[in-house]
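Content type mmCIF, C-alpha atoms; chains and numbers go by the auth columns, from the file protein-v3.cif:
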```cif
data_entry
#
loop_
_atom_site.group_PDB
_atom_site.id
_atom_site.type_symbol
_atom_site.label_atom_id
_atom_site.label_comp_id
_atom_site.label_asym_id
_atom_site.label_seq_id
_atom_site.Cartn_x
_atom_site.Cartn_y
_atom_site.Cartn_z
_atom_site.B_iso_or_equiv
_atom_site.auth_seq_id
_atom_site.auth_asym_id
ATOM 1 C CA MET A 1 18.742 -11.221 13.600 0.00 166 A
ATOM 2 C CA PRO A 2 16.315 -11.991 16.439 0.00 167 A
ATOM 3 C CA SER A 3 14.619 -15.391 16.412 0.00 168 A
ATOM 4 C CA GLU A 4 11.061 -15.886 15.186 0.00 169 A
ATOM 5 C CA GLN A 5 10.016 -16.484 18.791 0.00 170 A
ATOM 6 C CA ILE A 6 11.579 -13.251 20.082 0.00 171 A
ATOM 7 C CA MET A 7 9.923 -11.215 17.327 0.00 172 A
ATOM 8 C CA LYS A 8 6.510 -12.770 17.937 0.00 173 A
ATOM 9 C CA GLU A 9 6.829 -12.252 21.690 0.00 174 A
ATOM 10 C CA ALA A 10 7.588 -8.568 21.090 0.00 175 A
ATOM 11 C CA MET A 11 4.503 -8.267 18.857 0.00 176 A
ATOM 12 C CA GLN A 12 2.354 -9.864 21.572 0.00 177 A
ATOM 13 C CA ALA A 13 3.936 -7.599 24.215 0.00 178 A
ATOM 14 C CA TYR A 14 2.920 -4.631 22.051 0.00 179 A
ATOM 15 C CA ILE A 15 -0.731 -5.756 22.066 0.00 180 A
ATOM 16 C CA ASP A 16 -0.651 -6.509 25.801 0.00 181 A
ATOM 17 C CA GLY A 17 1.098 -3.266 26.777 0.00 182 A
ATOM 18 C CA PHE A 18 -1.308 -1.203 24.698 0.00 183 A
ATOM 19 C CA ASN A 19 -4.304 -2.938 26.277 0.00 184 A
ATOM 20 C CA ARG A 20 -2.906 -2.325 29.802 0.00 185 A
ATOM 21 C CA ALA A 21 -2.732 1.371 28.811 0.00 186 A
ATOM 22 C CA ASP A 22 1.022 1.157 29.487 0.00 187 A
ATOM 23 C CA ALA A 23 2.484 3.554 26.910 0.00 188 A
ATOM 24 C CA GLY A 24 5.911 3.229 28.543 0.00 189 A
ATOM 25 C CA ALA A 25 5.962 -0.529 27.971 0.00 190 A
ATOM 26 C CA VAL A 26 4.945 -0.060 24.321 0.00 191 A
ATOM 27 C CA VAL A 27 7.550 2.631 23.672 0.00 192 A
ATOM 28 C CA ALA A 28 10.240 0.483 25.352 0.00 193 A
ATOM 29 C CA LEU A 29 9.741 -2.087 22.570 0.00 194 A
ATOM 30 C CA TYR A 30 11.149 0.437 20.061 0.00 195 A
ATOM 31 C CA ALA A 31 14.744 1.243 19.180 0.00 196 A
ATOM 32 C CA ASP A 32 15.820 4.834 19.901 0.00 197 A
ATOM 33 C CA ASP A 33 15.725 5.971 16.276 0.00 198 A
ATOM 34 C CA ALA A 34 12.726 3.919 15.175 0.00 199 A
ATOM 35 C CA ILE A 35 10.139 5.047 12.628 0.00 200 A
ATOM 36 C CA VAL A 36 6.355 4.723 12.992 0.00 201 A
ATOM 37 C CA GLU A 37 4.225 5.204 9.865 0.00 202 A
ATOM 38 C CA ASP A 38 0.591 4.922 11.011 0.00 203 A
ATOM 39 C CA PRO A 39 -1.262 4.861 8.691 0.00 204 A
ATOM 40 C CA VAL A 40 1.032 3.928 5.803 0.00 205 A
ATOM 41 C CA GLY A 41 1.002 6.970 3.529 0.00 206 A
ATOM 42 C CA SER A 42 1.142 9.501 6.401 0.00 207 A
ATOM 43 C CA LYS A 43 4.194 11.411 7.622 0.00 208 A
ATOM 44 C CA PRO A 44 6.320 9.047 9.738 0.00 209 A
ATOM 45 C CA LYS A 45 7.049 9.740 13.379 0.00 210 A
ATOM 46 C CA GLN A 46 10.709 9.229 14.243 0.00 211 A
ATOM 47 C CA GLY A 47 12.522 8.751 17.512 0.00 212 A
ATOM 48 C CA ARG A 48 11.470 7.939 21.030 0.00 213 A
ATOM 49 C CA ALA A 49 9.924 11.335 21.915 0.00 214 A
ATOM 50 C CA GLU A 50 7.591 11.481 18.903 0.00 215 A
ATOM 51 C CA ILE A 51 6.702 7.816 19.279 0.00 216 A
ATOM 52 C CA ALA A 52 5.960 8.260 22.990 0.00 217 A
ATOM 53 C CA ARG A 53 3.582 11.156 22.250 0.00 218 A
ATOM 54 C CA PHE A 54 1.833 9.051 19.622 0.00 219 A
ATOM 55 C CA TYR A 55 1.175 6.160 22.023 0.00 220 A
ATOM 56 C CA GLN A 56 0.195 8.399 24.925 0.00 221 A
ATOM 57 C CA MET A 57 -2.457 9.945 22.660 0.00 222 A
ATOM 58 C CA SER A 58 -3.585 6.651 21.127 0.00 223 A
ATOM 59 C CA ILE A 59 -3.923 4.924 24.484 0.00 224 A
ATOM 60 C CA ALA A 60 -5.734 7.928 25.997 0.00 225 A
ATOM 61 C CA THR A 61 -8.582 7.348 23.514 0.00 226 A
ATOM 62 C CA GLY A 62 -9.400 4.131 25.383 0.00 227 A
ATOM 63 C CA ALA A 63 -8.781 2.061 22.255 0.00 228 A
ATOM 64 C CA LYS A 64 -8.106 -1.659 22.680 0.00 229 A
ATOM 65 C CA LEU A 65 -6.408 -4.050 20.252 0.00 230 A
ATOM 66 C CA LYS A 66 -7.636 -7.578 19.429 0.00 231 A
ATOM 67 C CA LEU A 67 -5.671 -9.935 17.221 0.00 232 A
ATOM 68 C CA ALA A 68 -7.737 -11.023 14.216 0.00 233 A
ATOM 69 C CA ALA A 69 -5.415 -13.956 13.397 0.00 234 A
ATOM 70 C CA PRO A 70 -2.179 -15.403 14.798 0.00 235 A
ATOM 71 C CA ILE A 71 0.952 -13.226 14.514 0.00 236 A
ATOM 72 C CA ARG A 72 3.079 -13.999 11.452 0.00 237 A
ATOM 73 C CA GLY A 73 6.893 -14.082 11.413 0.00 238 A
ATOM 74 C CA SER A 74 9.169 -14.085 8.380 0.00 239 A
ATOM 75 C CA HIS A 75 12.521 -15.474 7.251 0.00 240 A
ATOM 76 C CA GLY A 76 14.055 -12.026 7.816 0.00 241 A
ATOM 77 C CA ASN A 77 14.043 -9.353 10.523 0.00 242 A
ATOM 78 C CA ALA A 78 10.295 -8.664 10.317 0.00 243 A
ATOM 79 C CA ALA A 79 6.912 -9.834 11.567 0.00 244 A
ATOM 80 C CA ALA A 80 3.307 -8.857 10.863 0.00 245 A
ATOM 81 C CA MET A 81 -0.086 -9.089 12.543 0.00 246 A
ATOM 82 C CA ALA A 82 -3.729 -8.409 11.700 0.00 247 A
ATOM 83 C CA PHE A 83 -5.815 -6.928 14.482 0.00 248 A
ATOM 84 C CA ASP A 84 -8.896 -4.834 15.138 0.00 249 A
ATOM 85 C CA VAL A 85 -8.760 -1.568 17.078 0.00 250 A
ATOM 86 C CA GLU A 86 -11.902 -1.200 19.173 0.00 251 A
ATOM 87 C CA LEU A 87 -12.670 2.371 20.172 0.00 252 A
ATOM 88 C CA LYS A 88 -15.426 4.835 20.959 0.00 253 A
ATOM 89 C CA MET A 89 -15.987 7.509 18.344 0.00 254 A
ATOM 90 C CA PRO A 90 -18.505 10.362 18.363 0.00 255 A
ATOM 91 C CA GLU A 91 -20.653 8.189 16.058 0.00 256 A
ATOM 92 C CA GLY A 92 -20.630 5.221 18.462 0.00 257 A
ATOM 93 C CA GLN A 93 -18.584 2.089 19.148 0.00 258 A
ATOM 94 C CA ALA A 94 -16.240 1.573 16.234 0.00 259 A
ATOM 95 C CA LEU A 95 -13.463 -0.604 14.978 0.00 260 A
ATOM 96 C CA ILE A 96 -10.542 -0.097 12.654 0.00 261 A
ATOM 97 C CA ARG A 97 -9.126 -3.133 10.867 0.00 262 A
ATOM 98 C CA VAL A 98 -5.327 -2.882 10.787 0.00 263 A
ATOM 99 C CA ILE A 99 -2.258 -4.872 9.776 0.00 264 A
ATOM 100 C CA ASP A 100 0.992 -3.834 11.467 0.00 265 A
ATOM 101 C CA VAL A 101 4.376 -4.768 10.017 0.00 266 A
ATOM 102 C CA MET A 102 7.375 -4.398 12.328 0.00 267 A
ATOM 103 C CA THR A 103 11.060 -4.656 11.424 0.00 268 A
ATOM 104 C CA PHE A 104 13.567 -5.468 14.150 0.00 269 A
ATOM 105 C CA ASP A 105 17.126 -4.561 15.030 0.00 270 A
ATOM 106 C CA ASP A 106 19.613 -7.138 16.297 0.00 271 A
ATOM 107 C CA ALA A 107 18.645 -6.380 19.902 0.00 272 A
ATOM 108 C CA GLY A 108 15.068 -7.424 19.181 0.00 273 A
ATOM 109 C CA LYS A 109 13.685 -3.859 19.287 0.00 274 A
ATOM 110 C CA PHE A 110 11.320 -2.495 16.633 0.00 275 A
ATOM 111 C CA SER A 111 13.252 -0.426 14.101 0.00 276 A
ATOM 112 C CA SER A 112 10.045 0.385 12.243 0.00 277 A
ATOM 113 C CA MET A 113 6.301 -0.059 12.457 0.00 278 A
ATOM 114 C CA ARG A 114 4.008 0.436 9.481 0.00 279 A
ATOM 115 C CA ALA A 115 0.242 0.279 9.981 0.00 280 A
ATOM 116 C CA TYR A 116 -1.927 -0.607 6.991 0.00 281 A
ATOM 117 C CA TRP A 117 -5.462 0.753 7.281 0.00 282 A
ATOM 118 C CA ALA A 118 -7.598 2.899 5.034 0.00 283 A
ATOM 119 C CA PRO A 119 -10.661 5.088 5.601 0.00 284 A
ATOM 120 C CA GLY A 120 -12.788 2.124 4.490 0.00 285 A
ATOM 121 C CA ASP A 121 -11.288 -0.048 7.239 0.00 286 A
ATOM 122 C CA MET A 122 -13.111 1.975 9.905 0.00 287 A
ATOM 123 C CA GLU A 123 -16.617 0.857 10.788 0.00 288 A
ATOM 124 C CA VAL A 124 -19.186 1.980 13.356 0.00 289 A
ATOM 125 C CA ILE A 125 -20.455 -1.222 14.934 0.00 290 A
ATOM 126 C CA GLY A 126 -22.691 -0.060 17.797 0.00 291 A
ATOM 127 C CA ALA A 127 -24.800 2.718 19.267 0.00 292 A
ATOM 128 C CA LYS A 128 -23.313 5.634 21.207 0.00 293 A
ATOM 129 C CA MET B 1 -2.209 6.511 -6.727 0.00 134 B
ATOM 130 C CA PRO B 2 -4.969 3.883 -7.180 0.00 135 B
ATOM 131 C CA SER B 3 -8.024 4.198 -4.942 0.00 136 B
ATOM 132 C CA GLU B 4 -8.509 2.058 -1.850 0.00 137 B
ATOM 133 C CA GLN B 5 -11.258 0.195 -3.714 0.00 138 B
ATOM 134 C CA ILE B 6 -9.083 -0.591 -6.736 0.00 139 B
ATOM 135 C CA MET B 7 -6.269 -1.883 -4.522 0.00 140 B
ATOM 136 C CA LYS B 8 -8.609 -4.078 -2.459 0.00 141 B
ATOM 137 C CA GLU B 9 -10.238 -5.459 -5.608 0.00 142 B
ATOM 138 C CA ALA B 10 -6.807 -6.407 -6.952 0.00 143 B
ATOM 139 C CA MET B 11 -5.989 -8.186 -3.672 0.00 144 B
ATOM 140 C CA GLN B 12 -9.272 -10.129 -3.875 0.00 145 B
ATOM 141 C CA ALA B 13 -8.614 -10.928 -7.562 0.00 146 B
ATOM 142 C CA TYR B 14 -5.253 -12.371 -6.477 0.00 147 B
ATOM 143 C CA ILE B 15 -6.948 -14.735 -4.006 0.00 148 B
ATOM 144 C CA ASP B 16 -9.640 -15.679 -6.527 0.00 149 B
ATOM 145 C CA GLY B 17 -7.224 -16.211 -9.431 0.00 150 B
ATOM 146 C CA PHE B 18 -4.954 -18.351 -7.288 0.00 151 B
ATOM 147 C CA ASN B 19 -7.878 -20.478 -6.132 0.00 152 B
ATOM 148 C CA ARG B 20 -9.070 -20.959 -9.743 0.00 153 B
ATOM 149 C CA ALA B 21 -5.531 -22.255 -10.488 0.00 154 B
ATOM 150 C CA ASP B 22 -5.252 -19.413 -13.023 0.00 155 B
ATOM 151 C CA ALA B 23 -1.584 -18.467 -12.835 0.00 156 B
ATOM 152 C CA GLY B 24 -1.989 -16.178 -15.831 0.00 157 B
ATOM 153 C CA ALA B 25 -4.649 -14.120 -14.081 0.00 158 B
ATOM 154 C CA VAL B 26 -2.450 -13.801 -10.985 0.00 159 B
ATOM 155 C CA VAL B 27 0.637 -12.791 -12.954 0.00 160 B
ATOM 156 C CA ALA B 28 -1.430 -10.243 -14.930 0.00 161 B
ATOM 157 C CA LEU B 29 -2.015 -8.372 -11.649 0.00 162 B
ATOM 158 C CA TYR B 30 1.718 -7.546 -11.510 0.00 163 B
ATOM 159 C CA ALA B 31 3.654 -4.745 -13.188 0.00 164 B
ATOM 160 C CA ASP B 32 6.333 -5.899 -15.666 0.00 165 B
ATOM 161 C CA ASP B 33 9.267 -5.177 -13.345 0.00 166 B
ATOM 162 C CA ALA B 34 7.586 -6.165 -10.073 0.00 167 B
ATOM 163 C CA ILE B 35 9.353 -7.834 -7.162 0.00 168 B
ATOM 164 C CA VAL B 36 8.060 -10.808 -5.167 0.00 169 B
ATOM 165 C CA GLU B 37 9.734 -11.587 -1.825 0.00 170 B
ATOM 166 C CA ASP B 38 8.078 -14.765 -0.520 0.00 171 B
ATOM 167 C CA PRO B 39 8.918 -15.354 2.251 0.00 172 B
ATOM 168 C CA VAL B 40 10.317 -12.014 3.447 0.00 173 B
ATOM 169 C CA GLY B 41 14.016 -12.654 4.035 0.00 174 B
ATOM 170 C CA SER B 42 14.445 -14.821 0.904 0.00 175 B
ATOM 171 C CA LYS B 43 15.934 -13.776 -2.430 0.00 176 B
ATOM 172 C CA PRO B 44 13.335 -11.727 -4.328 0.00 177 B
ATOM 173 C CA LYS B 45 11.992 -12.838 -7.686 0.00 178 B
ATOM 174 C CA GLN B 46 11.906 -9.988 -10.205 0.00 179 B
ATOM 175 C CA GLY B 47 10.077 -9.535 -13.469 0.00 180 B
ATOM 176 C CA ARG B 48 7.220 -11.278 -15.178 0.00 181 B
ATOM 177 C CA ALA B 49 9.073 -14.467 -16.199 0.00 182 B
ATOM 178 C CA GLU B 50 10.366 -15.267 -12.704 0.00 183 B
ATOM 179 C CA ILE B 51 7.048 -14.352 -11.136 0.00 184 B
ATOM 180 C CA ALA B 52 5.131 -16.529 -13.627 0.00 185 B
ATOM 181 C CA ARG B 53 7.339 -19.545 -12.803 0.00 186 B
ATOM 182 C CA PHE B 54 6.765 -18.934 -9.083 0.00 187 B
ATOM 183 C CA TYR B 55 2.958 -18.957 -9.430 0.00 188 B
ATOM 184 C CA GLN B 56 2.895 -21.887 -11.843 0.00 189 B
ATOM 185 C CA MET B 57 4.812 -23.903 -9.226 0.00 190 B
ATOM 186 C CA SER B 58 2.807 -22.630 -6.250 0.00 191 B
ATOM 187 C CA ILE B 59 -0.530 -23.317 -7.911 0.00 192 B
ATOM 188 C CA ALA B 60 0.607 -26.768 -9.090 0.00 193 B
ATOM 189 C CA THR B 61 0.925 -27.828 -5.439 0.00 194 B
ATOM 190 C CA GLY B 62 -2.865 -27.609 -5.183 0.00 195 B
ATOM 191 C CA ALA B 63 -2.618 -24.954 -2.459 0.00 196 B
ATOM 192 C CA LYS B 64 -5.676 -22.799 -1.797 0.00 197 B
ATOM 193 C CA LEU B 65 -5.830 -19.394 -0.081 0.00 198 B
ATOM 194 C CA LYS B 66 -8.434 -18.379 2.510 0.00 199 B
ATOM 195 C CA LEU B 67 -8.631 -14.857 3.896 0.00 200 B
ATOM 196 C CA ALA B 68 -8.257 -14.864 7.690 0.00 201 B
ATOM 197 C CA ALA B 69 -9.609 -11.302 8.057 0.00 202 B
ATOM 198 C CA PRO B 70 -10.830 -8.542 5.724 0.00 203 B
ATOM 199 C CA ILE B 71 -8.253 -7.013 3.362 0.00 204 B
ATOM 200 C CA ARG B 72 -6.683 -3.805 4.709 0.00 205 B
ATOM 201 C CA GLY B 73 -5.874 -0.726 2.625 0.00 206 B
ATOM 202 C CA SER B 74 -3.650 2.194 3.563 0.00 207 B
ATOM 203 C CA HIS B 75 -3.378 5.939 3.018 0.00 208 B
ATOM 204 C CA GLY B 76 -0.615 5.287 0.465 0.00 209 B
ATOM 205 C CA ASN B 77 -0.031 2.976 -2.510 0.00 210 B
ATOM 206 C CA ALA B 78 -0.198 -0.239 -0.488 0.00 211 B
ATOM 207 C CA ALA B 79 -2.570 -2.823 0.925 0.00 212 B
ATOM 208 C CA ALA B 80 -2.204 -5.905 3.130 0.00 213 B
ATOM 209 C CA MET B 81 -4.085 -9.108 3.881 0.00 214 B
ATOM 210 C CA ALA B 82 -3.871 -12.012 6.314 0.00 215 B
ATOM 211 C CA PHE B 83 -4.722 -15.424 4.903 0.00 216 B
ATOM 212 C CA ASP B 84 -4.116 -19.116 5.377 0.00 217 B
ATOM 213 C CA VAL B 85 -2.583 -21.300 2.681 0.00 218 B
ATOM 214 C CA GLU B 86 -4.165 -24.758 2.767 0.00 219 B
ATOM 215 C CA LEU B 87 -2.054 -27.443 1.157 0.00 220 B
ATOM 216 C CA LYS B 88 -1.147 -31.109 1.245 0.00 221 B
ATOM 217 C CA MET B 89 2.334 -31.863 2.529 0.00 222 B
ATOM 218 C CA PRO B 90 4.033 -35.261 2.868 0.00 223 B
ATOM 219 C CA GLU B 91 3.141 -35.090 6.569 0.00 224 B
ATOM 220 C CA GLY B 92 -0.583 -34.521 5.882 0.00 225 B
ATOM 221 C CA GLN B 93 -3.006 -31.659 5.366 0.00 226 B
ATOM 222 C CA ALA B 94 -1.265 -28.443 6.392 0.00 227 B
ATOM 223 C CA LEU B 95 -1.672 -24.719 6.545 0.00 228 B
ATOM 224 C CA ILE B 96 0.697 -21.797 6.400 0.00 229 B
ATOM 225 C CA ARG B 97 -0.395 -18.541 8.038 0.00 230 B
ATOM 226 C CA VAL B 98 0.688 -15.614 5.851 0.00 231 B
ATOM 227 C CA ILE B 99 0.355 -11.841 5.603 0.00 232 B
ATOM 228 C CA ASP B 100 0.949 -10.395 2.137 0.00 233 B
ATOM 229 C CA VAL B 101 1.767 -6.710 1.638 0.00 234 B
ATOM 230 C CA MET B 102 1.405 -5.360 -1.899 0.00 235 B
ATOM 231 C CA THR B 103 2.530 -1.981 -3.220 0.00 236 B
ATOM 232 C CA PHE B 104 0.899 -0.588 -6.368 0.00 237 B
ATOM 233 C CA ASP B 105 1.905 1.482 -9.345 0.00 238 B
ATOM 234 C CA ASP B 106 -0.299 4.238 -10.737 0.00 239 B
ATOM 235 C CA ALA B 107 -1.949 1.774 -13.130 0.00 240 B
ATOM 236 C CA GLY B 108 -3.160 -0.312 -10.184 0.00 241 B
ATOM 237 C CA LYS B 109 -0.706 -3.169 -10.794 0.00 242 B
ATOM 238 C CA PHE B 110 1.362 -4.729 -8.009 0.00 243 B
ATOM 239 C CA SER B 111 4.866 -3.261 -7.992 0.00 244 B
ATOM 240 C CA SER B 112 5.860 -5.526 -5.096 0.00 245 B
ATOM 241 C CA MET B 113 4.544 -8.355 -2.972 0.00 246 B
ATOM 242 C CA ARG B 114 6.117 -9.325 0.314 0.00 247 B
ATOM 243 C CA ALA B 115 4.875 -12.421 2.142 0.00 248 B
ATOM 244 C CA TYR B 116 5.396 -12.619 5.912 0.00 249 B
ATOM 245 C CA TRP B 117 5.523 -16.201 7.189 0.00 250 B
ATOM 246 C CA ALA B 118 8.031 -18.085 9.280 0.00 251 B
ATOM 247 C CA PRO B 119 8.776 -21.793 9.780 0.00 252 B
ATOM 248 C CA GLY B 120 6.570 -21.643 12.888 0.00 253 B
ATOM 249 C CA ASP B 121 3.627 -20.418 10.823 0.00 254 B
ATOM 250 C CA MET B 122 3.330 -23.831 9.140 0.00 255 B
ATOM 251 C CA GLU B 123 1.179 -26.397 10.880 0.00 256 B
ATOM 252 C CA VAL B 124 0.051 -29.926 10.027 0.00 257 B
ATOM 253 C CA ILE B 125 -3.666 -29.968 10.773 0.00 258 B
ATOM 254 C CA GLY B 126 -4.870 -33.341 9.502 0.00 259 B
ATOM 255 C CA ALA B 127 -3.975 -36.898 8.588 0.00 260 B
ATOM 256 C CA LYS B 128 -2.473 -37.851 5.229 0.00 261 B
#
```

When written as C-alpha cells, how does the structure in this file appear?
Amino acid sequence: MPSEQIMKEAMQAYIDGFNRADAGAVVALYADDAIVEDPVGSKPKQGRAEIARFYQMSIATGAKLKLAAPIRGSHGNAAAMAFDVELKMPEGQALIRVIDVMTFDDAGKFSSMRAYWAPGDMEVIGAK
Amino acid sequence: MPSEQIMKEAMQAYIDGFNRADAGAVVALYADDAIVEDPVGSKPKQGRAEIARFYQMSIATGAKLKLAAPIRGSHGNAAAMAFDVELKMPEGQALIRVIDVMTFDDAGKFSSMRAYWAPGDMEVIGAK
C-alpha cells in the first residue's frame, strides 16, 4: 500500500497537472485498467484510452480546479479531496463543487476515481 | 433513489445531531444493517448496535464537527462532505480533517459511511 504522503502527493499532482492543461500528466497518474466514475451514478470510463479522452475534453473547456480544504488520506489505499471546478458556461462564470475519492494500487497509481457532485452543486457565480 | 435534497438534508442532520450530542438522532439516520468504516482501512462496524456504541463513544469525547465546504451530492445514491472534527486531546486542542462518503437506501437512510482521514490529518492547534 502506498504511504499517506505518496497518495496525497498524487492527489496534488492531479490538481496541478489539470491546471497546467497537461492531460498527459493527469492520465499518467492512473493505472492502465483504472475506472473513472464522474459523476458518481454515471457510466464509468475504463482504461487509459477512455480516461485520456475524458481529460482531454475536460481540460479543453478551460476549467480550473481549486482545493476547498486540505487533501484527506485514509488508513487504507484511498484518499479524498474537496475542490471547486471553475469554468465558463454559456450562462456565465460557474463553479461545480466536487469531492473526488481515489483508490490506489501498490505502485501508487490511481486504480479508481469517483467524483461526487450533483446538479445542485453547480452554480453560476458571475456574468458572461 | 432518494433525491439530492433528501441526501444532503440527511448529511446536515448528521452534523447537527452529532453536535447536539444526540447519538440516538445520528444512529436513526442509518439503515438497520448499515456499515461504518471510520477510518477507511479499519475494520468496519456493522449493524445498529455496533454503530450506536461507536457514536456514543465518539460523542462522549466532546468532539464537534464543522463543515469545511458545502455538502456534495452525486448522480447516484451517494453524497460526500468535508469537515473538521474539533476535539480535546491529551496534547491540547486538536482537529482531524475528514471526508465522509455516505451511500443511501431507497428510504433515504445511510447504508454505509466511509470516513477518509489519515494520521497526518490530525493536528494539535492549541494549548491544553

Fitted copy of chain B on chain A, all Cα, as a short mmCIF file (atom, residue, chain, number, x, y, z; two decimals) with C-alpha atoms, in the coordinates of the input:
```cif
data_model
loop_
_atom_site.label_atom_id
_atom_site.label_comp_id
_atom_site.auth_asym_id
_atom_site.auth_seq_id
_atom_site.Cartn_x
_atom_site.Cartn_y
_atom_site.Cartn_z
CA MET B 134 18.74 -11.23 13.57
CA PRO B 135 16.30 -11.99 16.43
CA SER B 136 14.61 -15.40 16.39
CA GLU B 137 11.05 -15.88 15.17
CA GLN B 138 10.02 -16.49 18.78
CA ILE B 139 11.58 -13.27 20.08
CA MET B 140 9.93 -11.22 17.33
CA LYS B 141 6.50 -12.78 17.93
CA GLU B 142 6.82 -12.25 21.69
CA ALA B 143 7.59 -8.57 21.09
CA MET B 144 4.50 -8.27 18.86
CA GLN B 145 2.34 -9.87 21.58
CA ALA B 146 3.94 -7.60 24.23
CA TYR B 147 2.92 -4.63 22.06
CA ILE B 148 -0.73 -5.75 22.07
CA ASP B 149 -0.65 -6.51 25.80
CA GLY B 150 1.11 -3.26 26.77
CA PHE B 151 -1.30 -1.21 24.69
CA ASN B 152 -4.29 -2.93 26.28
CA ARG B 153 -2.90 -2.32 29.79
CA ALA B 154 -2.72 1.39 28.82
CA ASP B 155 1.03 1.17 29.49
CA ALA B 156 2.48 3.56 26.93
CA GLY B 157 5.91 3.24 28.53
CA ALA B 158 5.97 -0.51 27.98
CA VAL B 159 4.95 -0.06 24.33
CA VAL B 160 7.55 2.63 23.67
CA ALA B 161 10.24 0.49 25.36
CA LEU B 162 9.74 -2.09 22.58
CA TYR B 163 11.14 0.43 20.06
CA ALA B 164 14.74 1.24 19.17
CA ASP B 165 15.82 4.83 19.91
CA ASP B 166 15.73 5.96 16.28
CA ALA B 167 12.72 3.90 15.18
CA ILE B 168 10.14 5.04 12.64
CA VAL B 169 6.36 4.72 13.00
CA GLU B 170 4.22 5.19 9.87
CA ASP B 171 0.59 4.93 11.01
CA PRO B 172 -1.26 4.86 8.71
CA VAL B 173 1.03 3.93 5.81
CA GLY B 174 1.01 6.96 3.52
CA SER B 175 1.15 9.50 6.39
CA LYS B 176 4.20 11.40 7.62
CA PRO B 177 6.32 9.04 9.74
CA LYS B 178 7.04 9.75 13.38
CA GLN B 179 10.71 9.23 14.24
CA GLY B 180 12.52 8.76 17.52
CA ARG B 181 11.47 7.95 21.03
CA ALA B 182 9.92 11.34 21.92
CA GLU B 183 7.59 11.47 18.90
CA ILE B 184 6.70 7.82 19.28
CA ALA B 185 5.96 8.26 23.00
CA ARG B 186 3.58 11.17 22.26
CA PHE B 187 1.84 9.05 19.61
CA TYR B 188 1.17 6.16 22.03
CA GLN B 189 0.20 8.41 24.93
CA MET B 190 -2.46 9.94 22.65
CA SER B 191 -3.58 6.64 21.12
CA ILE B 192 -3.92 4.93 24.48
CA ALA B 193 -5.75 7.93 25.98
CA THR B 194 -8.58 7.36 23.50
CA GLY B 195 -9.39 4.14 25.37
CA ALA B 196 -8.77 2.06 22.24
CA LYS B 197 -8.10 -1.66 22.69
CA LEU B 198 -6.40 -4.05 20.25
CA LYS B 199 -7.64 -7.57 19.44
CA LEU B 200 -5.67 -9.93 17.23
CA ALA B 201 -7.73 -11.03 14.22
CA ALA B 202 -5.41 -13.95 13.40
CA PRO B 203 -2.17 -15.40 14.79
CA ILE B 204 0.95 -13.22 14.52
CA ARG B 205 3.09 -14.01 11.45
CA GLY B 206 6.89 -14.09 11.40
CA SER B 207 9.17 -14.08 8.38
CA HIS B 208 12.52 -15.47 7.25
CA GLY B 209 14.05 -12.02 7.81
CA ASN B 210 14.03 -9.34 10.53
CA ALA B 211 10.29 -8.67 10.31
CA ALA B 212 6.92 -9.83 11.56
CA ALA B 213 3.30 -8.86 10.86
CA MET B 214 -0.09 -9.09 12.55
CA ALA B 215 -3.72 -8.41 11.70
CA PHE B 216 -5.82 -6.92 14.48
CA ASP B 217 -8.89 -4.83 15.15
CA VAL B 218 -8.76 -1.57 17.08
CA GLU B 219 -11.91 -1.19 19.19
CA LEU B 220 -12.66 2.38 20.17
CA LYS B 221 -15.43 4.84 20.94
CA MET B 222 -15.98 7.49 18.31
CA PRO B 223 -18.50 10.36 18.35
CA GLU B 224 -20.65 8.21 16.06
CA GLY B 225 -20.64 5.23 18.46
CA GLN B 226 -18.61 2.11 19.16
CA ALA B 227 -16.25 1.56 16.23
CA LEU B 228 -13.46 -0.61 14.97
CA ILE B 229 -10.54 -0.09 12.67
CA ARG B 230 -9.12 -3.13 10.87
CA VAL B 231 -5.31 -2.88 10.80
CA ILE B 232 -2.25 -4.87 9.78
CA ASP B 233 0.99 -3.82 11.47
CA VAL B 234 4.38 -4.77 10.02
CA MET B 235 7.37 -4.41 12.34
CA THR B 236 11.05 -4.66 11.43
CA PHE B 237 13.58 -5.47 14.16
CA ASP B 238 17.13 -4.57 15.03
CA ASP B 239 19.62 -7.14 16.29
CA ALA B 240 18.65 -6.39 19.89
CA GLY B 241 15.06 -7.43 19.17
CA LYS B 242 13.68 -3.87 19.29
CA PHE B 243 11.32 -2.50 16.64
CA SER B 244 13.25 -0.43 14.11
CA SER B 245 10.03 0.39 12.24
CA MET B 246 6.29 -0.07 12.46
CA ARG B 247 4.01 0.44 9.50
CA ALA B 248 0.24 0.28 9.99
CA TYR B 249 -1.93 -0.60 6.99
CA TRP B 250 -5.47 0.76 7.30
CA ALA B 251 -7.60 2.89 5.03
CA PRO B 252 -10.66 5.09 5.60
CA GLY B 253 -12.79 2.12 4.50
CA ASP B 254 -11.30 -0.05 7.24
CA MET B 255 -13.12 1.98 9.91
CA GLU B 256 -16.62 0.87 10.78
CA VAL B 257 -19.19 1.99 13.35
CA ILE B 258 -20.47 -1.22 14.91
CA GLY B 259 -22.69 -0.08 17.77
CA ALA B 260 -24.80 2.68 19.25
CA LYS B 261 -23.33 5.57 21.24
#
```

- Task: Do me a favour and pick out the residues of chain A within 6 Å of chain B, using all atoms listed in the file, as a count of residues only.
- Result: 10

- Mind giving me the straight-line distance from CA of Lys141 (chain B) to CA of Asp239 (chain B) in Å, one decimal?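 Interatomic distance, CA of Lys141 (chain B) to CA of Asp239 (chain B): 14.4 Å.
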
- Query: In Å, how far is it from CA of Phe187 (chain B) to CA of Ile139 (chain B)?
  - Reply: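 Value for the CA of Phe187 (chain B)-CA of Ile139 (chain B) distance: 24.4 Å.
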
- Task: For CA of Glu288 (chain A) and CA of Gly182 (chain A), quote the distance in Å rounded to one decimal.
- Result: 24.2 Å

- Message: For this structure, which residues satisfy the selection - the PyMOL selection byres ((chain B and resi 159) around 12) - when it is evaluated on the file as given? I want them as an NGL selection string.
- Response: :B and (143-158 or 160-164 or 181 or 184-189 or 191-192 or 242-243 or 246)

- Task: Would you be able to write out as a list of chain:residue names which residues have an atom within 8 Å of (21.2, -8.4, 19.0) in the file's coordinates, counting only C-alpha atoms?
- Result: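 The distance filter leaves exactly A:Met166, A:Pro167, A:Asp270, A:Asp271, A:Ala272, A:Gly273.
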
Could you save those same residues with C-alpha atoms as a compact mmCIF listing (two decimals), in the frame of the given file?
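Listed below is the output, result-v1.txt:
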```
# COMPACT_ATOMS: atom_id res chain seq x y z
CA MET A 166 18.74 -11.22 13.60
CA PRO A 167 16.32 -11.99 16.44
CA ASP A 270 17.13 -4.56 15.03
CA ASP A 271 19.61 -7.14 16.30
CA ALA A 272 18.64 -6.38 19.90
CA GLY A 273 15.07 -7.42 19.18
```
